Amino acid sequence: MSVAVRPMMASLCALVQIPVTPTSRSIGPAVATAGLWFGAVMIAGGDAILPAWLTVAALSVWAAWIDHFTLRFPLPLIRAVTAAGLLLGAMAVVVDQDPAAGLRAVVAGAAIFASYLVFAIITRGHPGLADVRLSFILTAAVGWVGWMNVASAVLLPNILAVVGVAVTKVFGGRKVRGVEFGFAPYLVVGTALAIALPAGWWML
């Protein structure tokens, strides 16, 4: 699936004048997507939320991959992953007859979106507005599981980003002063870990 949507990713990048070079390297996103899909199936099993998680995973991995190399990713891609996630999430609510989970997911996504937006305004662009938009559907995916997992989704991406910057500076030596990095990869990995790890692990 990841390889199949690669041409669409290249087209979206070209549409907004983002270098399409990262989309020629499909093995990375393919492996990452396969890993996330395996984890989603192991966690969700046959639950109705599984199609939503698989779709969000496949598209958000590409967003993270492009962001890693270009520090940008197409807004149409964010709109696509958000629309698909919300539509499949609504179907999961109907199938599971669990409006509480759906409401929790939307509220969690909106709350974290607002928090990141305020932080981006205060810091003048950290995280970027594309990352802020992506945070809504990713946090909503975590919100389906529970509020404790949402708390993990707040902590983990930022912890991973701090560690990533620290490692870059240490191994980059004196040549690295200011570090520019895409936040989307940390958002995606942090979201996956927030779903997979036991709720409340950070309180131990």
# chains A, B, ... in the order shown; residues from 1 in each chain; ligands from 1
call {"tool": "residues_around", "arguments": {"residues": "A:Trp53", "least_positions_apart": "6", "cutoff": "9 Å", "atoms": "only C-alpha atoms", "output": "PyMOL selection string"}}
result
chain A and resi 37+40+44+85+88-89+141
call {"tool": "write_last_selection", "arguments": {"atoms": "N, CA, C and O atoms", "output": "short mmCIF file (atom, residue, chain, number, x, y, z; two decimals), in the first residue's frame"}}
result
data_model
loop_
_atom_site.label_atom_id
_atom_site.label_comp_id
_atom_site.auth_asym_id
_atom_site.auth_seq_id
_atom_site.Cartn_x
_atom_site.Cartn_y
_atom_site.Cartn_z
N TRP A 37 1.45 -1.22 10.67
CA TRP A 37 0.26 -2.04 10.39
C TRP A 37 0.27 -3.31 11.23
O TRP A 37 -0.77 -3.72 11.76
N ALA A 40 -0.72 -2.32 14.67
CA ALA A 40 -2.14 -1.97 14.75
C ALA A 40 -3.02 -3.22 14.78
O ALA A 40 -3.99 -3.30 15.55
N ALA A 44 -5.42 -3.80 17.81
CA ALA A 44 -6.85 -3.64 17.56
C ALA A 44 -7.55 -4.94 17.23
O ALA A 44 -8.76 -5.08 17.45
N GLY A 85 -9.29 9.63 8.14
CA GLY A 85 -9.33 9.18 9.52
C GLY A 85 -10.66 9.47 10.19
O GLY A 85 -11.21 8.62 10.91
N LEU A 88 -13.47 7.10 8.57
CA LEU A 88 -13.37 5.72 9.03
C LEU A 88 -13.59 5.63 10.55
O LEU A 88 -14.13 4.63 11.04
N GLY A 89 -13.20 6.67 11.27
CA GLY A 89 -13.48 6.70 12.71
C GLY A 89 -14.96 6.78 12.99
O GLY A 89 -15.47 6.13 13.92
N ALA A 141 -6.47 9.52 16.90
CA ALA A 141 -6.26 8.07 16.84
C ALA A 141 -5.91 7.50 18.21
O ALA A 141 -6.37 6.41 18.58
#
call {"tool": "select_by_dssp", "arguments": {"residues": "stretch 31-87 of chain A", "states": "helix (DSSP H, G or I)", "output": "PyMOL selection string"}}
result
chain A and resi 31-44+50-70+75-87
call {"tool": "residues_around", "arguments": {"residues": "A:Leu103", "least_positions_apart": "5", "cutoff": "10 Å", "atoms": "only C-alpha atoms", "output": "short mmCIF file (atom, residue, chain, number, x, y, z; two decimals) with N, CA and C atoms, in the first residue's frame"}}
result
data_model
loop_
_atom_site.label_atom_id
_atom_site.label_comp_id
_atom_site.auth_asym_id
_atom_site.auth_seq_id
_atom_site.Cartn_x
_atom_site.Cartn_y
_atom_site.Cartn_z
N ALA A 90 -15.69 7.58 12.20
CA ALA A 90 -17.14 7.67 12.36
C ALA A 90 -17.80 6.33 12.06
N VAL A 93 -17.40 4.16 15.06
CA VAL A 93 -18.37 4.51 16.11
C VAL A 93 -19.70 3.83 15.86
N ASP A 98 -20.15 2.92 19.96
CA ASP A 98 -19.35 3.48 21.06
C ASP A 98 -19.11 4.97 20.81
N ALA A 108 -9.87 15.00 22.18
CA ALA A 108 -8.42 14.91 22.40
C ALA A 108 -7.66 15.54 21.24
N GLY A 109 -8.08 15.22 20.02
CA GLY A 109 -7.42 15.80 18.85
C GLY A 109 -7.53 17.31 18.82
N ALA A 140 -6.23 12.15 17.74
CA ALA A 140 -7.56 11.54 17.71
C ALA A 140 -7.46 10.02 17.66
N GLY A 143 -6.72 9.05 21.04
CA GLY A 143 -7.87 9.32 21.91
C GLY A 143 -8.91 8.22 21.91
N TRP A 144 -8.97 7.44 20.83
CA TRP A 144 -9.91 6.32 20.79
C TRP A 144 -9.60 5.32 21.90
#
call {"tool": "residues_around", "arguments": {"residues": "stretch 66-80 of chain A", "least_positions_apart": "5", "cutoff": "6 Å", "atoms": "only C-alpha atoms", "output": "list in words"}}
result
Cys13, Pro22, Leu134 and Gly182 of chain A
call {"tool": "write_last_selection", "arguments": {"atoms": "C-alpha atoms", "output": "PDB file, in the first residue's frame"}}
result
ATOM      1  CA  CYS A  13       4.817  17.377  -3.462  1.00  0.00           C
ATOM      2  CA  PRO A  22      12.231  11.675  -0.957  1.00  0.00           C
ATOM      3  CA  LEU A 134      -1.240  16.716  11.544  1.00  0.00           C
ATOM      4  CA  GLY A 182      11.043  17.981  10.969  1.00  0.00           C
TER       5      GLY A 182
END
call {"tool": "residues_around", "arguments": {"residues": "A:Ser11", "least_positions_apart": "5", "cutoff": "10 Å", "atoms": "only C-alpha atoms", "output": "list in words"}}
result
Arg6, Val16, Gln17, Ile18, Val20, Thr23 and Pro74 of chain A
call {"tool": "atom_distance", "arguments": {"atom1": "atom CA of A:Val165", "atom2": "atom CA of A:Ile195"}}
result
23.8 Å
call {"tool": "closest_residue", "arguments": {"among": "A:Ser60, A:Thr168, A:Thr139, A:Thr123", "to": "A:Val107", "atoms": "only C-alpha atoms"}}
result
A:Thr139
call {"tool": "residues_around", "arguments": {"residues": "A:Ser115", "least_positions_apart": "2", "cutoff": "12 Å", "atoms": "only C-alpha atoms", "output": "PyMOL selection string"}}
result
chain A and resi 108-113+117-122+127+129+132-133+135-136+139+154
